[in-house]
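Note: the block below is upload12.cif and it holds mmCIF, C-alpha atoms.
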data_structure
#
loop_
_atom_site.label_atom_id
_atom_site.label_comp_id
_atom_site.auth_asym_id
_atom_site.auth_seq_id
_atom_site.Cartn_x
_atom_site.Cartn_y
_atom_site.Cartn_z
CA MET A 1 0.53 -24.69 -78.89
CA THR A 2 -2.38 -26.66 -77.45
CA ALA A 3 -4.20 -29.18 -79.61
CA GLN A 4 -7.51 -27.39 -78.99
CA PHE A 5 -6.37 -23.84 -79.78
CA GLU A 6 -3.89 -23.50 -82.59
CA ASN A 7 -3.22 -19.83 -81.80
CA PHE A 8 -2.48 -20.37 -78.08
CA ASN A 9 0.99 -21.10 -76.71
CA LEU A 10 0.65 -22.47 -73.18
CA ILE A 11 3.78 -22.00 -71.06
CA ASP A 12 3.63 -25.33 -69.26
CA HIS A 13 6.44 -24.87 -66.74
CA PRO A 14 6.61 -26.01 -63.09
CA LEU A 15 7.59 -22.53 -61.87
CA VAL A 16 4.70 -20.98 -63.80
CA LYS A 17 2.26 -23.50 -62.31
CA ARG A 18 3.58 -22.67 -58.84
CA ASP A 19 3.13 -18.94 -59.33
CA ILE A 20 -0.30 -19.24 -60.95
CA THR A 21 -1.32 -21.03 -57.75
CA VAL A 22 0.01 -18.08 -55.74
CA LEU A 23 -2.09 -15.73 -57.89
CA ARG A 24 -5.24 -17.82 -57.50
CA ASN A 25 -5.00 -17.93 -53.71
CA SER A 26 -7.47 -15.38 -52.31
CA SER A 27 -5.26 -14.81 -49.25
CA THR A 28 -2.22 -13.70 -51.31
CA GLN A 29 -1.33 -10.10 -50.41
CA PRO A 30 -0.63 -7.46 -53.11
CA GLU A 31 3.17 -7.46 -52.69
CA ILE A 32 3.32 -11.26 -53.07
CA PHE A 33 0.84 -11.09 -55.95
CA ARG A 34 2.98 -8.51 -57.78
CA ALA A 35 6.14 -10.58 -57.28
CA ALA A 36 4.47 -13.69 -58.75
CA VAL A 37 3.18 -11.69 -61.73
CA LYS A 38 6.70 -10.42 -62.34
CA ARG A 39 8.22 -13.90 -62.25
CA ILE A 40 5.66 -15.30 -64.68
CA SER A 41 6.19 -12.29 -66.94
CA ASN A 42 9.93 -13.03 -66.99
CA ILE A 43 9.24 -16.54 -68.29
CA LEU A 44 6.63 -15.35 -70.80
CA ALA A 45 9.12 -12.82 -72.18
CA VAL A 46 11.79 -15.50 -72.61
CA GLU A 47 9.36 -17.79 -74.45
CA ILE A 48 8.02 -15.02 -76.69
CA CYS A 49 11.52 -13.90 -77.68
CA LYS A 50 12.68 -17.43 -78.43
CA ASP A 51 11.67 -17.22 -82.09
CA MET A 52 12.62 -13.59 -82.73
CA PRO A 53 15.18 -13.16 -85.53
CA VAL A 54 18.60 -11.79 -84.60
CA SER A 55 21.22 -9.88 -86.55
CA GLU A 56 24.99 -10.26 -86.18
CA PHE A 57 27.60 -7.63 -85.41
CA LYS A 58 31.23 -7.54 -84.32
CA VAL A 59 32.02 -7.17 -80.62
CA ASP A 60 35.38 -6.84 -78.90
CA THR A 61 35.97 -9.12 -75.91
CA PRO A 62 38.96 -8.46 -73.61
CA LEU A 63 40.90 -10.96 -75.75
CA GLU A 64 39.66 -10.76 -79.34
CA THR A 65 36.87 -9.77 -81.72
CA THR A 66 33.95 -12.15 -82.05
CA THR A 67 30.39 -12.28 -83.36
CA GLY A 68 27.65 -10.72 -81.27
CA TYR A 69 23.88 -10.83 -81.68
CA LYS A 70 20.98 -8.47 -81.16
CA ILE A 71 17.24 -8.79 -81.71
CA GLN A 72 16.57 -7.69 -85.26
CA HIS A 73 13.36 -5.74 -84.65
CA GLU A 74 12.65 -3.12 -82.04
CA VAL A 75 10.26 -4.41 -79.40
CA VAL A 76 7.36 -2.35 -78.07
CA LEU A 77 5.38 -3.47 -75.03
CA VAL A 78 1.79 -2.25 -74.89
CA PRO A 79 0.06 -3.00 -71.58
CA VAL A 80 -3.70 -2.58 -71.40
CA LEU A 81 -4.32 -0.21 -68.50
CA ARG A 82 -4.31 -0.68 -65.68
CA ALA A 83 -3.86 -4.37 -64.94
CA GLY A 84 -1.31 -4.83 -67.73
CA LEU A 85 1.10 -2.51 -65.93
CA GLY A 86 1.81 -5.24 -63.40
CA MET A 87 3.45 -7.37 -66.11
CA VAL A 88 5.63 -4.67 -67.66
CA SER A 89 8.56 -4.77 -65.21
CA GLY A 90 8.95 -8.52 -65.71
CA PHE A 91 9.11 -8.08 -69.47
CA LEU A 92 11.54 -5.15 -69.23
CA GLU A 93 13.95 -7.21 -67.12
CA ILE A 94 14.27 -9.62 -70.06
CA ILE A 95 13.95 -7.00 -72.86
CA PRO A 96 15.47 -3.88 -71.23
CA ASP A 97 15.69 -1.91 -74.49
CA ALA A 98 11.99 -2.33 -75.28
CA LYS A 99 9.83 0.77 -75.52
CA VAL A 100 6.47 0.96 -73.76
CA GLY A 101 3.15 2.28 -75.04
CA HIS A 102 -0.23 2.23 -73.30
CA ILE A 103 -3.84 1.50 -74.18
CA GLY A 104 -6.58 2.40 -71.73
CA LEU A 105 -9.67 0.23 -71.99
CA GLN A 106 -12.37 -0.27 -69.40
CA ARG A 107 -15.21 -2.75 -69.52
CA ASP A 108 -18.81 -1.54 -69.47
CA GLU A 109 -20.21 -3.79 -66.74
CA THR A 110 -23.66 -3.77 -68.37
CA THR A 111 -22.71 -4.63 -71.96
CA LEU A 112 -19.33 -6.25 -71.11
CA GLN A 113 -17.92 -4.28 -74.10
CA PRO A 114 -14.60 -2.38 -73.93
CA VAL A 115 -14.51 1.42 -73.93
CA GLU A 116 -11.27 3.24 -74.85
CA TYR A 117 -10.12 6.14 -72.69
CA TYR A 118 -6.37 6.44 -73.44
CA TYR A 119 -3.92 5.61 -76.23
CA LYS A 120 -0.20 6.49 -76.44
CA THR A 121 2.48 4.50 -78.28
CA PRO A 122 5.94 5.14 -79.82
CA LYS A 123 5.93 6.70 -83.28
CA ASN A 124 7.69 3.78 -85.02
CA ILE A 125 5.29 1.14 -83.73
CA ASP A 126 4.38 0.17 -87.30
CA VAL A 127 7.80 -1.45 -87.87
CA ALA A 128 8.30 -2.86 -84.37
CA LYS A 129 7.53 -6.23 -82.84
CA VAL A 130 4.61 -5.40 -80.56
CA ILE A 131 3.67 -7.41 -77.47
CA LEU A 132 0.21 -6.53 -76.20
CA ILE A 133 -0.03 -7.31 -72.48
CA ASP A 134 -3.16 -7.96 -70.40
CA PRO A 135 -3.27 -10.41 -67.47
CA MET A 136 -6.77 -11.73 -68.20
CA LEU A 137 -8.18 -12.89 -71.54
CA ALA A 138 -11.85 -13.30 -70.63
CA THR A 139 -14.48 -12.55 -73.30
CA GLY A 140 -11.76 -11.38 -75.68
CA GLY A 141 -13.55 -8.09 -76.25
CA SER A 142 -10.91 -5.79 -74.78
CA ALA A 143 -8.02 -7.71 -76.34
CA SER A 144 -9.70 -7.72 -79.75
CA GLU A 145 -10.43 -4.00 -79.56
CA ALA A 146 -6.84 -3.23 -78.50
CA ILE A 147 -5.54 -5.29 -81.42
CA ASN A 148 -7.84 -3.36 -83.76
CA TYR A 149 -6.42 -0.06 -82.49
CA LEU A 150 -2.86 -1.25 -83.05
CA LYS A 151 -3.54 -2.65 -86.51
CA LYS A 152 -5.20 0.62 -87.56
CA ARG A 153 -1.96 2.35 -86.64
CA GLY A 154 0.02 0.05 -88.92
CA VAL A 155 1.22 -2.68 -86.56
CA LYS A 156 1.98 -5.87 -88.51
CA LYS A 157 4.04 -7.94 -86.06
CA LEU A 158 1.81 -8.48 -83.04
CA ILE A 159 1.69 -10.95 -80.14
CA PHE A 160 -0.77 -11.05 -77.25
CA SER A 161 0.44 -12.13 -73.81
CA CYS A 162 -1.68 -12.91 -70.75
CA LEU A 163 -1.55 -14.80 -67.48
CA VAL A 164 -4.91 -16.59 -67.56
CA ALA A 165 -7.23 -17.16 -70.53
CA ALA A 166 -10.78 -18.45 -70.91
CA PRO A 167 -11.67 -20.68 -73.89
CA GLU A 168 -14.24 -18.10 -75.01
CA GLY A 169 -11.61 -15.37 -75.30
CA ILE A 170 -9.13 -17.57 -77.11
CA LYS A 171 -11.78 -18.59 -79.64
CA LYS A 172 -12.77 -14.97 -80.21
CA LEU A 173 -9.22 -13.89 -80.97
CA LEU A 174 -8.74 -16.90 -83.25
CA GLU A 175 -11.89 -15.92 -85.13
CA LEU A 176 -11.22 -12.17 -85.37
CA HIS A 177 -7.40 -12.11 -85.41
CA PRO A 178 -6.07 -15.49 -86.58
CA ASP A 179 -2.68 -13.90 -87.32
CA VAL A 180 -2.07 -13.02 -83.65
CA LYS A 181 -0.35 -15.63 -81.49
CA ILE A 182 -1.29 -15.79 -77.82
CA TYR A 183 1.13 -16.69 -75.03
CA GLY A 184 -0.34 -17.51 -71.64
CA ALA A 185 0.33 -19.26 -68.35
CA ALA A 186 -3.03 -21.03 -67.92
CA ILE A 187 -6.23 -21.91 -69.77
CA ASP A 188 -9.14 -21.85 -67.35
CA ARG A 189 -12.51 -23.63 -67.53
CA GLU A 190 -15.08 -21.00 -68.54
CA LEU A 191 -16.64 -17.59 -67.98
CA ASN A 192 -19.47 -17.00 -65.53
CA ASN A 193 -22.59 -15.01 -66.43
CA LYS A 194 -20.79 -11.76 -65.54
CA GLY A 195 -17.91 -12.48 -67.90
CA TYR A 196 -15.37 -13.38 -65.20
CA ILE A 197 -12.93 -16.26 -65.63
CA LEU A 198 -13.48 -19.43 -63.58
CA PRO A 199 -11.63 -20.55 -61.53
CA GLY A 200 -9.62 -17.42 -62.31
CA LEU A 201 -7.78 -15.23 -59.85
CA GLY A 202 -10.19 -12.35 -59.31
CA ASP A 203 -9.64 -8.82 -60.63
CA ALA A 204 -5.95 -8.71 -61.58
CA GLY A 205 -5.77 -4.91 -61.40
CA ASP A 206 -7.31 -4.69 -57.95
CA ARG A 207 -5.16 -7.50 -56.61
CA THR A 208 -1.98 -6.02 -58.10
CA PHE A 209 -2.53 -2.54 -56.73
CA GLY A 210 -4.39 -3.38 -53.52
CA THR A 211 -7.60 -1.56 -54.48
CA LEU A 212 -10.06 -4.27 -53.50
#
Step by step, read the file and then write its structure as structure tokens.
Amino acid sequence: MTAQFENFNLIDHPLVKRDITVLRNSSTQPEIFRAAVKRISNILAVEICKDMPVSEFKVDTPLETTTGYKIQHEVVLVPVLRAGLGMVSGFLEIIPDAKVGHIGLQRDETTLQPVEYYYKTPKNIDVAKVILIDPMLATGGSASEAINYLKKRGVKKLIFSCLVAAPEGIKKLLELHPDVKIYGAAIDRELNNKGYILPGLGDAGDRTFGTL
């Protein structure tokens, strides 16, 4: 955690710093952008799972029986559409048995408030460890609204994961959802008057899918 934000876990790793630089570069093409997002997501998944409880079971090796381990709780990934989809494959490489739900939120460019247009998650999400995924934590409005939706459906074990976060968004989640830990690859300087992160990396969805 950073000293300034007690709810934020900054993944301060040389490989993450390298790939965040790739994402920031305006000349990075979509295929290179997607690959960097995937690599960072791999590392985020490893860090998030580090503190997950495990249960023991017996496993037969070619030579004898020994103790094996598995993650105690089912894991459900919930990307915020559409930009969050770019991070899912990286998480699934590390947690291949995770299930995936989806929340569709779009930002009203006038009010900067999130508007829901889609929601679909596994039925047992209330007892699972849920990782909400969105590349950008800007104003915190969309993330906070997505967390509200999940909590209303009974989710109790919830983590938010992003690539880049603005101080304003981190503070908002700390204020509204102090029980939710945030894992991210970078804390940027501020938001501009349109609610975009500075220095940021542009629109993560457009850059992931080449729809600029």
Fewer than 3 positions away in the same chain doesn't count, so skip those; otherwise give me all residues within 12 Å of Ile170 in chain A, counting all atoms listed in the file, as a short mmCIF file (atom, residue, chain, number, x, y, z; two decimals) with C-alpha atoms, keeping the file's coordinate frame.
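Result file follows (result_23.cif):
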data_model
loop_
_atom_site.label_atom_id
_atom_site.label_comp_id
_atom_site.auth_asym_id
_atom_site.auth_seq_id
_atom_site.Cartn_x
_atom_site.Cartn_y
_atom_site.Cartn_z
CA THR A 2 -2.38 -26.66 -77.45
CA GLN A 4 -7.51 -27.39 -78.99
CA PHE A 5 -6.37 -23.84 -79.78
CA GLU A 6 -3.89 -23.50 -82.59
CA ASN A 7 -3.22 -19.83 -81.80
CA PHE A 8 -2.48 -20.37 -78.08
CA ASN A 9 0.99 -21.10 -76.71
CA LEU A 10 0.65 -22.47 -73.18
CA MET A 136 -6.77 -11.73 -68.20
CA LEU A 137 -8.18 -12.89 -71.54
CA ALA A 138 -11.85 -13.30 -70.63
CA THR A 139 -14.48 -12.55 -73.30
CA GLY A 140 -11.76 -11.38 -75.68
CA GLY A 141 -13.55 -8.09 -76.25
CA ALA A 143 -8.02 -7.71 -76.34
CA SER A 144 -9.70 -7.72 -79.75
CA PHE A 160 -0.77 -11.05 -77.25
CA SER A 161 0.44 -12.13 -73.81
CA CYS A 162 -1.68 -12.91 -70.75
CA VAL A 164 -4.91 -16.59 -67.56
CA ALA A 165 -7.23 -17.16 -70.53
CA ALA A 166 -10.78 -18.45 -70.91
CA PRO A 167 -11.67 -20.68 -73.89
CA LEU A 173 -9.22 -13.89 -80.97
CA LEU A 174 -8.74 -16.90 -83.25
CA GLU A 175 -11.89 -15.92 -85.13
CA LEU A 176 -11.22 -12.17 -85.37
CA HIS A 177 -7.40 -12.11 -85.41
CA PRO A 178 -6.07 -15.49 -86.58
CA VAL A 180 -2.07 -13.02 -83.65
CA LYS A 181 -0.35 -15.63 -81.49
CA ILE A 182 -1.29 -15.79 -77.82
CA TYR A 183 1.13 -16.69 -75.03
CA GLY A 184 -0.34 -17.51 -71.64
CA ALA A 186 -3.03 -21.03 -67.92
CA ILE A 187 -6.23 -21.91 -69.77
CA ASP A 188 -9.14 -21.85 -67.35
CA ARG A 189 -12.51 -23.63 -67.53
CA GLU A 190 -15.08 -21.00 -68.54
CA LEU A 191 -16.64 -17.59 -67.98
#
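Proximity ranking of A:Leu23, A:Ala185, A:Ala146, A:Val37 relative to Gly86 in chain A places A:Val37 first, based on only C-alpha atoms.
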Atom pair CA of Thr111 in chain A / CA of Pro79 in chain A: separation (Å): 22.8 Å
As JSON, numbers by chain, please: the residues near range 91-102 of chain A (cut-off 6 Å, all atoms listed in the file, same-chain neighbours under 2 positions excluded). {"A": [41, 42, 45, 75, 76, 77, 78, 79, 88, 89, 119, 120, 121]}
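Of note, CA of Lys58 in chain A and CA of His73 in chain A are spaced 18.0 Å apart.
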Tell me which residues the PyMOL selection byres ((chain A and resi 104) around 6) grabs here, as a list in words.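 Checking the PyMOL selection byres ((chain A and resi 104) around 6) against this file, the residues are Val80, Leu81, Ile103, Leu105, Glu116, Tyr117 and Tyr118 of chain A.
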Could you work out how far CA of Lys129 in chain A lies from CA of Ala36 in chain A, giving the answer in Å with one decimal?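 CA of Lys129 in chain A lies at a distance of 25.4 Å from CA of Ala36 in chain A.
The shortest atom-to-atom distance to Glu56 in chain A, with all atoms listed in the file taken into account, belongs to A:Ile71 out of A:Leu44, A:Ile71, A:Lys152, A:Ile32.
Distances here use only C-alpha atoms; by that measure, the residue among A:Lys70, A:Lys194, A:Arg39, A:Arg34 closest to Pro53 in chain A is A:Lys70.
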Using all atoms listed in the file, determine which residues lie at most 9 Å from Ile43 in chain A, disregarding the query and same-chain residues fewer than 3 positions distant; provide the list as a count of residues only. 13
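Taking all atoms listed in the file into account, those protein, DNA and RNA residues with any atom at most 12 Å away from (-4.2, -2.8, -57.6) amount to Gln29, Pro30, Glu31, Phe33, Arg34, Leu81, Arg82, Ala83, Gly84, Leu85, Gly86, Gly202, Asp203, Ala204, Gly205, Asp206, Arg207, Thr208, Phe209, Gly210, Thr211 and Leu212 of chain A.
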Applying the PyMOL selection byres ((chain A and resi 155-158) around 7) to the file I just gave you, which residues come out? Please list them as a list in words.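 When the PyMOL selection byres ((chain A and resi 155-158) around 7) is applied, the selected residues are Ile125, Asp126, Val127, Ala128, Lys129, Val130, Ile131, Leu150, Lys151, Arg153, Gly154, Ile159, Phe160 and Val180 of chain A.
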